[in-house]
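*Asks:* Contents are mmCIF, C-alpha atoms; chains and numbers go by the auth columns; file name coords.cif:
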```cif
data_coords
#
loop_
_atom_site.group_PDB
_atom_site.id
_atom_site.type_symbol
_atom_site.label_atom_id
_atom_site.label_comp_id
_atom_site.label_asym_id
_atom_site.label_seq_id
_atom_site.Cartn_x
_atom_site.Cartn_y
_atom_site.Cartn_z
_atom_site.B_iso_or_equiv
_atom_site.auth_seq_id
_atom_site.auth_asym_id
ATOM 1 C CA MET A 1 8.723 -2.670 8.702 0.00 593 A
ATOM 2 C CA GLU A 2 8.766 -5.888 6.790 0.00 594 A
ATOM 3 C CA SER A 3 11.719 -7.773 5.497 0.00 595 A
ATOM 4 C CA SER A 4 12.078 -11.316 4.302 0.00 596 A
ATOM 5 C CA GLY A 5 15.870 -11.099 4.307 0.00 597 A
ATOM 6 C CA GLN A 6 15.801 -11.387 0.504 0.00 598 A
ATOM 7 C CA GLY A 7 15.928 -7.759 -0.558 0.00 599 A
ATOM 8 C CA PHE A 8 13.464 -4.937 -0.301 0.00 600 A
ATOM 9 C CA GLU A 9 9.885 -5.664 0.703 0.00 601 A
ATOM 10 C CA ALA A 10 7.278 -2.923 0.759 0.00 602 A
ATOM 11 C CA ALA A 11 5.341 -2.587 4.012 0.00 603 A
ATOM 12 C CA THR A 12 1.895 -4.133 3.490 0.00 604 A
ATOM 13 C CA GLY A 13 0.617 -3.254 6.953 0.00 605 A
ATOM 14 C CA ASP A 14 0.866 -6.797 8.281 0.00 606 A
ATOM 15 C CA GLY A 15 4.500 -6.614 9.382 0.00 607 A
ATOM 16 C CA LEU A 16 5.826 -6.380 12.881 0.00 608 A
ATOM 17 C CA ASP A 17 5.992 -2.964 14.453 0.00 609 A
ATOM 18 C CA ALA A 18 9.694 -2.140 14.544 0.00 610 A
ATOM 19 C CA PRO A 19 10.868 -1.053 18.000 0.00 611 A
ATOM 20 C CA ASP A 20 13.262 1.541 16.539 0.00 612 A
ATOM 21 C CA VAL A 21 11.549 3.535 13.792 0.00 613 A
ATOM 22 C CA SER A 22 13.579 6.673 14.395 0.00 614 A
ATOM 23 C CA GLY A 23 17.112 7.828 13.769 0.00 615 A
ATOM 24 C CA ALA A 24 19.376 5.765 11.549 0.00 616 A
ATOM 25 C CA SER A 25 16.820 2.961 11.134 0.00 617 A
ATOM 26 C CA ALA A 26 14.145 5.333 9.808 0.00 618 A
ATOM 27 C CA ALA A 27 16.634 7.078 7.516 0.00 619 A
ATOM 28 C CA ARG A 28 17.818 3.729 6.142 0.00 620 A
ATOM 29 C CA ARG A 29 14.236 2.596 5.491 0.00 621 A
ATOM 30 C CA ALA A 30 13.368 5.915 3.815 0.00 622 A
ATOM 31 C CA ALA A 31 16.383 5.518 1.508 0.00 623 A
ATOM 32 C CA GLU A 32 15.369 1.938 0.648 0.00 624 A
ATOM 33 C CA VAL A 33 11.805 3.026 -0.156 0.00 625 A
ATOM 34 C CA ARG A 34 13.008 5.960 -2.268 0.00 626 A
ATOM 35 C CA THR A 35 15.401 3.725 -4.244 0.00 627 A
ATOM 36 C CA ALA A 36 12.736 1.051 -4.826 0.00 628 A
ATOM 37 C CA TYR A 37 10.152 3.618 -5.896 0.00 629 A
ATOM 38 C CA GLU A 38 12.545 5.374 -8.275 0.00 630 A
ATOM 39 C CA GLY A 39 13.346 1.950 -9.742 0.00 631 A
ATOM 40 C CA LEU A 40 9.640 1.263 -10.219 0.00 632 A
ATOM 41 C CA LEU A 41 9.175 4.564 -12.072 0.00 633 A
ATOM 42 C CA GLN A 42 12.228 3.865 -14.245 0.00 634 A
ATOM 43 C CA ILE A 43 10.849 0.427 -15.177 0.00 635 A
ATOM 44 C CA ARG A 44 7.556 2.102 -16.118 0.00 636 A
ATOM 45 C CA ARG A 45 9.332 4.601 -18.375 0.00 637 A
ATOM 46 C CA LEU A 46 11.373 1.891 -20.098 0.00 638 A
ATOM 47 C CA VAL A 47 8.513 -0.573 -20.566 0.00 639 A
ATOM 48 C CA ASN A 48 5.627 1.789 -21.266 0.00 640 A
ATOM 49 C CA GLY A 49 7.223 4.069 -23.843 0.00 641 A
ATOM 50 C CA GLN A 50 4.990 7.114 -24.446 0.00 642 A
ATOM 51 C CA ALA A 51 2.682 6.267 -21.517 0.00 643 A
ATOM 52 C CA GLY A 52 5.740 6.481 -19.258 0.00 644 A
ATOM 53 C CA ALA A 53 5.267 6.525 -15.510 0.00 645 A
ATOM 54 C CA ALA A 54 1.479 7.036 -15.695 0.00 646 A
ATOM 55 C CA VAL A 55 0.675 3.370 -16.413 0.00 647 A
ATOM 56 C CA PRO A 56 1.538 0.324 -14.267 0.00 648 A
ATOM 57 C CA ALA A 57 4.185 -1.927 -15.770 0.00 649 A
ATOM 58 C CA PRO A 58 3.507 -5.654 -16.283 0.00 650 A
ATOM 59 C CA TRP A 59 5.836 -6.392 -13.340 0.00 651 A
ATOM 60 C CA GLU A 60 3.558 -4.366 -11.038 0.00 652 A
ATOM 61 C CA VAL A 61 0.444 -6.149 -12.234 0.00 653 A
ATOM 62 C CA ARG A 62 2.089 -9.519 -11.477 0.00 654 A
ATOM 63 C CA ARG A 63 3.111 -8.327 -7.985 0.00 655 A
ATOM 64 C CA LEU A 64 0.105 -6.145 -7.305 0.00 656 A
ATOM 65 C CA PRO A 65 0.141 -6.078 -3.472 0.00 657 A
ATOM 66 C CA HIS A 66 3.857 -5.237 -3.477 0.00 658 A
ATOM 67 C CA ALA A 67 3.478 -2.467 -6.074 0.00 659 A
ATOM 68 C CA VAL A 68 0.498 -0.860 -4.326 0.00 660 A
ATOM 69 C CA ALA A 69 2.193 -1.033 -0.920 0.00 661 A
ATOM 70 C CA LEU A 70 5.370 0.503 -2.362 0.00 662 A
ATOM 71 C CA ALA A 71 3.416 3.404 -3.877 0.00 663 A
ATOM 72 C CA LEU A 72 1.654 4.110 -0.576 0.00 664 A
ATOM 73 C CA GLU A 73 4.812 3.851 1.501 0.00 665 A
ATOM 74 C CA ALA A 74 6.743 6.056 -0.942 0.00 666 A
ATOM 75 C CA ALA A 75 3.976 8.670 -0.669 0.00 667 A
ATOM 76 C CA GLY A 76 4.647 8.865 3.064 0.00 668 A
ATOM 77 C CA ILE A 77 1.440 7.131 4.150 0.00 669 A
ATOM 78 C CA ALA A 78 2.108 5.045 7.247 0.00 670 A
ATOM 79 C CA PRO A 79 1.428 1.311 7.172 0.00 671 A
ATOM 80 C CA SER A 80 -0.409 -0.434 9.958 0.00 672 A
ATOM 81 C CA ALA A 81 1.652 -2.891 12.014 0.00 673 A
ATOM 82 C CA LEU A 82 1.326 -5.874 14.327 0.00 674 A
ATOM 83 C CA ASP A 83 3.054 -6.815 17.565 0.00 675 A
ATOM 84 C CA ALA A 84 4.800 -10.162 18.106 0.00 676 A
ATOM 85 C CA GLU A 85 1.486 -11.761 19.124 0.00 677 A
ATOM 86 C CA GLY A 86 -0.257 -10.608 15.944 0.00 678 A
ATOM 87 C CA ARG A 87 -2.259 -7.784 17.548 0.00 679 A
ATOM 88 C CA ARG A 88 -2.710 -4.572 15.601 0.00 680 A
ATOM 89 C CA MET A 89 -0.369 -1.973 17.153 0.00 681 A
ATOM 90 C CA ARG A 90 -0.408 0.929 14.722 0.00 682 A
ATOM 91 C CA THR A 91 -3.077 2.557 12.574 0.00 683 A
ATOM 92 C CA GLY A 92 -2.322 2.788 8.872 0.00 684 A
ATOM 93 C CA TYR A 93 -2.902 1.206 5.500 0.00 685 A
ATOM 94 C CA ARG A 94 -3.048 -2.555 4.970 0.00 686 A
ATOM 95 C CA VAL A 95 -2.708 -4.059 1.480 0.00 687 A
ATOM 96 C CA ALA A 96 -3.966 -7.605 0.891 0.00 688 A
ATOM 97 C CA ALA A 97 -5.093 -9.747 -2.012 0.00 689 A
ATOM 98 C CA GLY A 98 -8.588 -8.857 -3.152 0.00 690 A
ATOM 99 C CA ALA A 99 -11.655 -11.055 -3.313 0.00 691 A
ATOM 100 C CA LYS A 100 -11.173 -11.358 -7.081 0.00 692 A
ATOM 101 C CA PRO A 101 -7.912 -12.209 -8.878 0.00 693 A
ATOM 102 C CA GLY A 102 -5.972 -9.237 -10.217 0.00 694 A
ATOM 103 C CA ARG A 103 -7.172 -6.894 -7.467 0.00 695 A
ATOM 104 C CA VAL A 104 -6.016 -5.856 -4.039 0.00 696 A
ATOM 105 C CA GLU A 105 -7.861 -4.338 -1.134 0.00 697 A
ATOM 106 C CA VAL A 106 -6.506 -1.465 0.902 0.00 698 A
ATOM 107 C CA THR A 107 -7.996 -1.092 4.369 0.00 699 A
ATOM 108 C CA TRP A 108 -7.268 1.301 7.253 0.00 700 A
ATOM 109 C CA PRO A 109 -7.013 -0.842 10.413 0.00 701 A
ATOM 110 C CA GLY A 110 -5.680 0.135 13.801 0.00 702 A
ATOM 111 C CA PRO A 111 -5.563 -1.028 17.391 0.00 703 A
ATOM 112 C CA PRO A 112 -8.916 -1.521 19.145 0.00 704 A
ATOM 113 C CA GLY A 113 -10.260 1.837 20.298 0.00 705 A
ATOM 114 C CA GLY A 114 -7.629 3.704 18.286 0.00 706 A
ATOM 115 C CA GLY A 115 -10.077 5.615 16.080 0.00 707 A
ATOM 116 C CA ALA A 116 -9.172 3.977 12.756 0.00 708 A
ATOM 117 C CA ALA A 117 -12.842 3.574 11.772 0.00 709 A
ATOM 118 C CA GLU A 118 -13.509 7.288 12.179 0.00 710 A
ATOM 119 C CA GLU A 119 -10.684 8.322 9.879 0.00 711 A
ATOM 120 C CA GLU A 120 -10.765 5.488 7.353 0.00 712 A
ATOM 121 C CA GLN A 121 -12.842 7.221 4.653 0.00 713 A
ATOM 122 C CA GLU A 122 -10.571 10.273 4.566 0.00 714 A
ATOM 123 C CA ARG A 123 -7.404 8.178 4.718 0.00 715 A
ATOM 124 C CA LEU A 124 -8.548 5.727 2.045 0.00 716 A
ATOM 125 C CA LYS A 125 -9.439 8.634 -0.239 0.00 717 A
ATOM 126 C CA ALA A 126 -5.872 9.907 0.240 0.00 718 A
ATOM 127 C CA CYS A 127 -4.565 6.432 -0.674 0.00 719 A
ATOM 128 C CA ALA A 128 -6.779 6.419 -3.783 0.00 720 A
ATOM 129 C CA ALA A 129 -5.451 9.825 -4.849 0.00 721 A
ATOM 130 C CA VAL A 130 -1.867 8.538 -4.697 0.00 722 A
ATOM 131 C CA LEU A 131 -2.685 5.348 -6.593 0.00 723 A
ATOM 132 C CA GLU A 132 -4.858 6.997 -9.253 0.00 724 A
ATOM 133 C CA ARG A 133 -2.018 9.424 -10.107 0.00 725 A
ATOM 134 C CA LEU A 134 0.024 6.308 -10.860 0.00 726 A
ATOM 135 C CA GLY A 135 -2.611 4.860 -13.180 0.00 727 A
ATOM 136 C CA TRP A 136 -4.379 2.424 -10.838 0.00 728 A
ATOM 137 C CA VAL A 137 -8.181 2.161 -10.818 0.00 729 A
ATOM 138 C CA CYS A 138 -9.587 2.597 -7.291 0.00 730 A
ATOM 139 C CA LEU A 139 -13.116 2.105 -5.988 0.00 731 A
ATOM 140 C CA LEU A 140 -14.170 2.828 -2.406 0.00 732 A
ATOM 141 C CA TYR A 141 -16.624 0.341 -0.889 0.00 733 A
ATOM 142 C CA ARG A 142 -18.295 -0.305 2.448 0.00 734 A
ATOM 143 C CA GLY A 143 -17.874 -3.906 3.547 0.00 735 A
ATOM 144 C CA ALA A 144 -18.467 -6.035 6.595 0.00 736 A
ATOM 145 C CA ARG A 145 -19.315 -4.187 9.795 0.00 737 A
ATOM 146 C CA ARG A 146 -19.745 -1.051 7.659 0.00 738 A
ATOM 147 C CA ARG A 147 -15.952 -0.669 7.394 0.00 739 A
ATOM 148 C CA ARG A 148 -14.705 0.903 4.199 0.00 740 A
ATOM 149 C CA PHE A 149 -12.075 -0.547 1.880 0.00 741 A
ATOM 150 C CA LEU A 150 -10.448 0.476 -1.356 0.00 742 A
ATOM 151 C CA GLU A 151 -10.413 -1.979 -4.236 0.00 743 A
ATOM 152 C CA VAL A 152 -7.429 -1.420 -6.518 0.00 744 A
ATOM 153 C CA GLU A 153 -6.841 -2.913 -9.951 0.00 745 A
ATOM 154 C CA PRO A 154 -4.805 -2.146 -13.061 0.00 746 A
ATOM 155 C CA PRO A 155 -6.494 -0.181 -15.866 0.00 747 A
ATOM 156 C CA ARG A 156 -8.253 -2.311 -18.470 0.00 748 A
#
```
Represent the structure from my file as structure tokens, please.

*Replies:*
Amino acid sequence: MESSGQGFEAATGDGLDAPDVSGASAARRAAEVRTAYEGLLQIRRLVNGQAGAAVPAPWEVRRLPHAVALALEAAGIAPSALDAEGRRMRTGYRVAAGAKPGRVEVTWPGPPGGGAAEEEQERLKACAAVLERLGWVCLLYRGARRRRFLEVEPPR
């Protein structure tokens, strides 16, 4: 779980693996995610008028990695995580700035030998399904070392 100490931050997959992700801590995080996501949908309805919640709001486009990570986390898809030394400890989504401005890339990394590469196509397609329902444009590519990634951008 990621937190900058300045309010809610969606899990991008590059945060530290929290030692206690069960019990009260997990319930608190789930409530934070639910509240943030409901707020995002309300902003969409207010800003987008007739298009409502089916089109990203300008705020989301300006904070694209945050908005995409929030949508994935709210959908119950687990983020990847790092340990204190920066090693990948958990398999899940990772959201990072894309190669081109106005885009993000979603990857499916995991610890070495953890099987992330074998499941990445299926998992990234599930991520795309969540994001496309929310109006994002998603394209699945094969990149370096034949690893797949999802490129996400706002509709044009």

*Asks:* Mind giving me the straight-line distance from atom CA of A:Arg637 to atom CA of A:Ala622 in Å, one decimal?

*Replies:* 22.6 Å

*Asks:* Take the point (6.5, 2.4, -11.3) in the file's coordinates, draw a sphere of radius 10 Å around it, and report as number ranges by chain every protein, DNA or RNA residue with an atom inside or on it, counting all atoms listed in the file.

*Replies:* A: 628-637, 639, 644-652, 659-660, 662-663, 726-727

*Asks:* Tell me, in Å to one decimal, how far atom CA of A:Gly694 is from atom CA of A:Gln713.

*Replies:*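 For atom CA of A:Gly694 relative to atom CA of A:Gln713, the distance reads 23.2 Å.
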
*Asks:* Run through the PyMOL selection byres ((chain A and resi 676-682) around 8) on the given coordinates and return the selected residues as a list in words.

*Replies:*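 Against this file, the PyMOL selection byres ((chain A and resi 676-682) around 8) returns the residues Leu608, Asp609, Pro671, Ser672, Ala673, Leu674, Asp675, Thr683, Gly684, Pro701, Gly702, Pro703 and Pro704 of chain A.
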
*Asks:* Just give me the gap between atom CA of A:Ala721 and atom CA of A:Gly735 in Å, one decimal is fine.

*Replies:* 20.3 Å

*Asks:* A:Glu745: which residues within 7 Å, counting all atoms listed in the file, same-chain residues fewer than 6 positions away excluded, as number ranges by chain?

*Replies:* A: 694-696, 728-730

*Asks:* Run the PyMOL selection byres ((chain A and resi 719) around 9) mentally over the shown coordinates, then write out the matched residues as a PyMOL selection string, using the chain letters and numbers from the document.

*Replies:* chain A and resi 664+667+669+685+698+714-718+720-724+742

*Asks:* Specify the axis-aligned box that encloses all atoms of stretch 712-720 of chain A listed in the file after padding of 8 Å on each side, stating its centre and edge lengths in Å to one decimal as AutoDock Vina command-line options.

*Replies:*
```
--center_x -8.7 --center_y 7.9 --center_z 1.8 --size_x 24.3 --size_y 20.8 --size_z 27.1
```

*Asks:* Identify which of the residues A:Leu731, A:Ala661, A:Leu638, A:Ala708 lies closest to A:Val744, counting all atoms listed in the file when measuring atom-to-atom distances.

*Replies:*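 Among the listed residues, the smallest separation from A:Val744 belongs to A:Leu731.
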